[in-house]
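> Structure below; questions to follow.
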Amino acid sequence: MTAKDDMSISKNARLKTKDLRRAAYGARRKTIGILGGMGPGATAYFFDLIVRNTAAGKDREHVPVIIRSDPRVPDRTDAILHSGESPVPMLRAGVKALRRAGADIMVMPCVTAHYFLKDVVAQEKAPFVNLLDEARKYTLAAVPGIRRIGLVATTGAVRSGIVRDAFAGAGIEVIVPGEDEQKKVMEAVYGKRGIKAGFTTGRSRRTILGVAKGLIRNGAEAIMAGCTEVPLVLRQEDLAVPFIEPMRIGALACIKKAGYRIKKS
């Protein structure tokens, strides 16, 4: 037997193994890469949403997920509003790391970071699940005829206009808190006893809930969690209008795009 024959047998064996693997896991099934750390609590929550919403009866029926939680990514709001350090280089590095690890599709559980998504994708050409695009599609299907959404988000997400722009084409107006109320949102998220510091009850929760109710009084027909920390303190049962949560919507989209089934609730 020649060396060429050995190589042919080895190649055939690898192909057979690959075929068996596809048969076992499904040829259409993919691995999700979570580009996280913005912040770590939101990343953990997003992963939990994937786990809890996948129709799986045992370990092997769950979606393969690779998480890169790097809290060293420069602050997105600071970069948008104050010419702070750009997060793009570290986001690109994160995408490369996830791809090397075997991720097929990417997602960033940080709404404000979507301001930089085009720059990341332009360089890396990675397939991303865009939380804002998914939220818009969900809203149009779940709340037909809606015209005004109240946005609870970081000041970076508010002033950048990324949520407004995402919904403008659908004829939906995005209304935001007044200046004083927006400052309260930032304190609830970034303050010493804020959500990013691990405080998801007490003052931070009361502040976010109060701002959301104020938007409803001003005509919001739904409330959108435009900061991925907001769902850590706010739930649908807190509100008298639909709660649009890009994190949950994005998690469900990731499950489907990875080729898995969503658990019926």
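Each chain of the structure tokens is named A, B, ... in the order shown, its residues numbered from 1; ligands are numbered from 1 in display order.
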Taking the DSSP secondary structure from the backbone, can you list the residues of range 55-206 of chain A that are strand (DSSP E), as a ChimeraX atom specification?

/A:65-69,105-107,128-129,148-152,173-175

> Give me, as a Markdown table, the closest atom pair and its distance (Å, one decimal) for every residue of range 93-149 of chain A within a cut-off of 6 Å of range 163-187 of chain A, counting only C-alpha atoms, rows sorted by chain and rising number.


```
| residue | atom | partner | partner_atom | distance |
| --- | --- | --- | --- | --- |
| A:Arg147 | CA | A:Ile172 | CA | 4.6 |
| A:Arg148 | CA | A:Glu173 | CA | 4.7 |
| A:Ile149 | CA | A:Val174 | CA | 4.9 |
```

> Gly102 in chain A: which residues within 12 Å, counting only C-alpha atoms, same-chain residues fewer than 5 positions away excluded, as a VMD selection string?

chain A and resid 30 to 34 64 to 67 95 to 97

> The selected residues should be written to file as a PDB file, in the first residue's frame (atoms: N, CA and C atoms).


```pdb
ATOM      1  N   LYS A  30     -26.029  24.578  14.322  1.00  0.00           N
ATOM      2  CA  LYS A  30     -24.851  25.419  14.412  1.00  0.00           C
ATOM      3  C   LYS A  30     -24.533  25.764  15.859  1.00  0.00           C
ATOM      4  N   THR A  31     -23.343  26.297  16.045  1.00  0.00           N
ATOM      5  CA  THR A  31     -22.890  26.716  17.372  1.00  0.00           C
ATOM      6  C   THR A  31     -23.013  28.226  17.498  1.00  0.00           C
ATOM      7  N   ILE A  32     -23.580  28.677  18.610  1.00  0.00           N
ATOM      8  CA  ILE A  32     -23.758  30.109  18.877  1.00  0.00           C
ATOM      9  C   ILE A  32     -22.528  30.646  19.609  1.00  0.00           C
ATOM     10  N   GLY A  33     -22.042  31.782  19.167  1.00  0.00           N
ATOM     11  CA  GLY A  33     -20.952  32.469  19.854  1.00  0.00           C
ATOM     12  C   GLY A  33     -21.469  33.738  20.503  1.00  0.00           C
ATOM     13  N   ILE A  34     -21.366  33.842  21.824  1.00  0.00           N
ATOM     14  CA  ILE A  34     -21.839  35.031  22.543  1.00  0.00           C
ATOM     15  C   ILE A  34     -20.656  35.956  22.805  1.00  0.00           C
ATOM     16  N   PRO A  64     -25.165  24.078  21.249  1.00  0.00           N
ATOM     17  CA  PRO A  64     -23.775  24.348  21.615  1.00  0.00           C
ATOM     18  C   PRO A  64     -23.549  25.867  21.658  1.00  0.00           C
ATOM     19  N   VAL A  65     -22.983  26.344  22.753  1.00  0.00           N
ATOM     20  CA  VAL A  65     -22.769  27.782  22.934  1.00  0.00           C
ATOM     21  C   VAL A  65     -21.337  28.021  23.405  1.00  0.00           C
ATOM     22  N   ILE A  66     -20.683  28.972  22.783  1.00  0.00           N
ATOM     23  CA  ILE A  66     -19.347  29.396  23.213  1.00  0.00           C
ATOM     24  C   ILE A  66     -19.466  30.839  23.694  1.00  0.00           C
ATOM     25  N   ILE A  67     -19.028  31.092  24.915  1.00  0.00           N
ATOM     26  CA  ILE A  67     -19.163  32.426  25.508  1.00  0.00           C
ATOM     27  C   ILE A  67     -17.791  33.074  25.676  1.00  0.00           C
ATOM     28  N   VAL A  95     -14.595  38.414  18.192  1.00  0.00           N
ATOM     29  CA  VAL A  95     -15.178  37.652  17.086  1.00  0.00           C
ATOM     30  C   VAL A  95     -14.178  36.620  16.574  1.00  0.00           C
ATOM     31  N   LYS A  96     -12.933  37.042  16.399  1.00  0.00           N
ATOM     32  CA  LYS A  96     -11.903  36.115  15.920  1.00  0.00           C
ATOM     33  C   LYS A  96     -11.734  34.940  16.882  1.00  0.00           C
ATOM     34  N   ALA A  97     -11.732  35.245  18.180  1.00  0.00           N
ATOM     35  CA  ALA A  97     -11.572  34.179  19.178  1.00  0.00           C
ATOM     36  C   ALA A  97     -12.746  33.196  19.125  1.00  0.00           C
TER      37      ALA A  97
END
```

> Considering only C-alpha atoms, return as number ranges by chain whatever protein or nucleic-acid residues lie within 12 Å of Phe199 in chain A, sequence-local ones (same chain, fewer than 6 positions apart) excluded.

A: 41, 187-193, 205-206, 229-230, 232-233

> Write out as an MDAnalysis selection string the residues lying within 9 Å of Met90 in chain A, counting only C-alpha atoms and excluding same-chain residues fewer than 4 positions away.

chainID A and resid 70 72:74 86 94:95

> Got a sec: who's within 12 Å of Arg68 in chain A, counting only C-alpha atoms, leaving out chain neighbours fewer than 5 positions off, as a CSV table (one decimal) with C-alpha atoms, in the first residue's frame?


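File selection.csv, as written:
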```csv
chain,number,residue,atom,x,y,z
A,32,ILE,CA,-23.8,30.1,18.9
A,33,GLY,CA,-21.0,32.5,19.9
A,34,ILE,CA,-21.8,35.0,22.5
A,35,LEU,CA,-19.7,38.2,22.4
A,36,GLY,CA,-20.3,39.3,25.9
A,37,GLY,CA,-18.9,40.9,29.0
A,38,MET,CA,-20.9,44.1,28.4
A,39,GLY,CA,-21.8,43.5,31.2
A,40,PRO,CA,-21.2,40.0,32.6
A,43,THR,CA,-24.2,37.9,29.3
A,44,ALA,CA,-25.1,35.3,31.9
A,47,PHE,CA,-27.1,32.4,28.1
A,73,VAL,CA,-14.2,46.1,26.3
A,90,MET,CA,-11.6,44.4,21.2
A,91,LEU,CA,-15.0,43.4,19.7
A,92,ARG,CA,-13.2,42.3,16.5
A,93,ALA,CA,-10.7,40.3,18.6
A,94,GLY,CA,-13.6,38.7,20.4
A,95,VAL,CA,-15.2,37.7,17.1
A,96,LYS,CA,-11.9,36.1,15.9
A,97,ALA,CA,-11.6,34.2,19.2
A,98,LEU,CA,-15.1,32.9,18.9
A,99,ARG,CA,-14.6,31.8,15.3
A,100,ARG,CA,-11.4,30.0,16.2
A,101,ALA,CA,-13.3,28.2,18.9
A,103,ALA,CA,-18.8,29.5,16.6
A,106,MET,CA,-22.5,35.5,16.7
A,107,VAL,CA,-24.6,37.7,19.0
A,108,MET,CA,-23.8,40.7,21.2
A,109,PRO,CA,-26.0,40.9,24.4
```

> Given the choices A:Pro144, A:Gly156, A:Gly202, A:Gly214, which gets closest to Gly84 in chain A if the distance is worked out from only C-alpha atoms?

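The answer is A:Gly156, which sits nearest to Gly84 in chain A.
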
> One decimal, Å: what's the distance from CA of Met247 in chain A over to CA of Thr154 in chain A, could you say?

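Value for the CA of Met247 in chain A-CA of Thr154 in chain A distance: 15.1 Å.
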
> For Gly226 in chain A, list every protein, DNA or RNA residue within 9 Å, evaluated using only C-alpha atoms, and leave out those in the same chain fewer than 6 positions away; present the list as a list in words.

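The residues that qualify are Cys110, Val111, Thr112, Leu132, Leu151, Val152, Ala153, Thr154, Ala157, Val158, Val163, Ile244, Glu245 and Pro246 of chain A.
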
> Go ahead and write the residues just picked, N, CA and C atoms, as an mmCIF file, in the first residue's frame.


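So again39.cif came out as:
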```
data_model
loop_
_atom_site.group_PDB
_atom_site.id
_atom_site.type_symbol
_atom_site.label_atom_id
_atom_site.label_comp_id
_atom_site.auth_asym_id
_atom_site.auth_seq_id
_atom_site.Cartn_x
_atom_site.Cartn_y
_atom_site.Cartn_z
ATOM 1 N N CYS A 110 -25.607 43.228 24.132
ATOM 2 C CA CYS A 110 -25.432 44.619 24.552
ATOM 3 C C CYS A 110 -26.029 45.474 23.449
ATOM 4 N N VAL A 111 -27.150 46.123 23.732
ATOM 5 C CA VAL A 111 -27.821 46.919 22.704
ATOM 6 C C VAL A 111 -26.960 48.099 22.274
ATOM 7 N N THR A 112 -26.360 48.809 23.226
ATOM 8 C CA THR A 112 -25.560 49.984 22.891
ATOM 9 C C THR A 112 -24.397 49.616 21.969
ATOM 10 N N LEU A 132 -31.506 44.442 17.455
ATOM 11 C CA LEU A 132 -32.457 45.486 17.084
ATOM 12 C C LEU A 132 -33.313 45.061 15.896
ATOM 13 N N LEU A 151 -38.551 54.044 25.182
ATOM 14 C CA LEU A 151 -37.221 53.436 25.262
ATOM 15 C C LEU A 151 -36.565 53.684 26.616
ATOM 16 N N VAL A 152 -36.222 52.615 27.312
ATOM 17 C CA VAL A 152 -35.436 52.702 28.539
ATOM 18 C C VAL A 152 -34.062 52.144 28.204
ATOM 19 N N ALA A 153 -33.056 53.029 28.137
ATOM 20 C CA ALA A 153 -31.745 52.618 27.641
ATOM 21 C C ALA A 153 -30.661 53.530 28.188
ATOM 22 N N THR A 154 -29.411 53.175 27.918
ATOM 23 C CA THR A 154 -28.301 54.049 28.272
ATOM 24 C C THR A 154 -28.377 55.323 27.439
ATOM 25 N N ALA A 157 -27.183 54.755 23.878
ATOM 26 C CA ALA A 157 -28.168 54.168 22.964
ATOM 27 C C ALA A 157 -29.228 55.184 22.577
ATOM 28 N N VAL A 158 -29.603 56.043 23.536
ATOM 29 C CA VAL A 158 -30.632 57.055 23.259
ATOM 30 C C VAL A 158 -30.125 58.088 22.261
ATOM 31 N N VAL A 163 -31.775 52.845 18.073
ATOM 32 C CA VAL A 163 -33.106 52.243 18.221
ATOM 33 C C VAL A 163 -34.111 53.008 17.361
ATOM 34 N N ILE A 244 -41.029 44.916 25.300
ATOM 35 C CA ILE A 244 -40.207 44.431 24.196
ATOM 36 C C ILE A 244 -38.782 44.259 24.708
ATOM 37 N N GLU A 245 -38.356 43.020 24.774
ATOM 38 C CA GLU A 245 -37.071 42.694 25.374
ATOM 39 C C GLU A 245 -36.140 42.098 24.319
ATOM 40 N N PRO A 246 -35.261 42.903 23.718
ATOM 41 C CA PRO A 246 -34.367 42.389 22.679
ATOM 42 C C PRO A 246 -33.536 41.185 23.109
#
```

> Enumerate, in order of chain and increasing residue number, the residues of range 31-131 of chain A with an atom no farther than 8 Å from range 249-255 of chain A, each with its shortest atom pair and distance in Å to one decimal, counting only C-alpha atoms, as JSON lines.


```
{"residue": "A:Ile32", "atom": "CA", "partner": "A:Cys254", "partner_atom": "CA", "distance": 7.1}
{"residue": "A:Phe46", "atom": "CA", "partner": "A:Ala251", "partner_atom": "CA", "distance": 6.6}
{"residue": "A:Phe47", "atom": "CA", "partner": "A:Ala251", "partner_atom": "CA", "distance": 7.9}
{"residue": "A:Leu49", "atom": "CA", "partner": "A:Ala251", "partner_atom": "CA", "distance": 6.2}
{"residue": "A:Ile50", "atom": "CA", "partner": "A:Ala251", "partner_atom": "CA", "distance": 5.4}
{"residue": "A:Asn53", "atom": "CA", "partner": "A:Leu252", "partner_atom": "CA", "distance": 7.1}
{"residue": "A:Thr54", "atom": "CA", "partner": "A:Ile255", "partner_atom": "CA", "distance": 6.8}
{"residue": "A:Val63", "atom": "CA", "partner": "A:Ile255", "partner_atom": "CA", "distance": 7.0}
{"residue": "A:Val107", "atom": "CA", "partner": "A:Cys254", "partner_atom": "CA", "distance": 7.9}
{"residue": "A:Val129", "atom": "CA", "partner": "A:Cys254", "partner_atom": "CA", "distance": 6.8}
{"residue": "A:Asn130", "atom": "CA", "partner": "A:Gly250", "partner_atom": "CA", "distance": 7.5}
{"residue": "A:Leu131", "atom": "CA", "partner": "A:Gly250", "partner_atom": "CA", "distance": 5.3}
```

> Those same residues, written as a PDB file, in the first residue's frame with C-alpha atoms?


```pdb
ATOM      1  CA  ILE A  32     -23.758  30.109  18.877  1.00  0.00           C
ATOM      2  CA  PHE A  46     -28.632  35.838  27.793  1.00  0.00           C
ATOM      3  CA  PHE A  47     -27.076  32.380  28.062  1.00  0.00           C
ATOM      4  CA  LEU A  49     -32.431  32.542  28.158  1.00  0.00           C
ATOM      5  CA  ILE A  50     -31.012  30.220  25.506  1.00  0.00           C
ATOM      6  CA  ASN A  53     -36.042  28.378  25.979  1.00  0.00           C
ATOM      7  CA  THR A  54     -34.554  25.453  24.056  1.00  0.00           C
ATOM      8  CA  VAL A  63     -27.589  24.296  21.615  1.00  0.00           C
ATOM      9  CA  VAL A 107     -24.609  37.675  18.992  1.00  0.00           C
ATOM     10  CA  VAL A 129     -27.916  38.032  15.031  1.00  0.00           C
ATOM     11  CA  ASN A 130     -28.795  41.729  15.317  1.00  0.00           C
ATOM     12  CA  LEU A 131     -30.881  42.314  18.458  1.00  0.00           C
TER      13      LEU A 131
END
```

> Would you mind telling me which residue in A:Val241, A:Ile262, A:Met224, A:Ala126 lies nearest to Tyr138 in chain A when using only C-alpha atoms?

A:Met224

> Could you tell me how far CA of Gly210 in chain A sits from CA of Lys196 in chain A, in Å to one decimal place?

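Spanning CA of Lys196 in chain A to CA of Gly210 in chain A is a straight-line distance of 18.6 Å.
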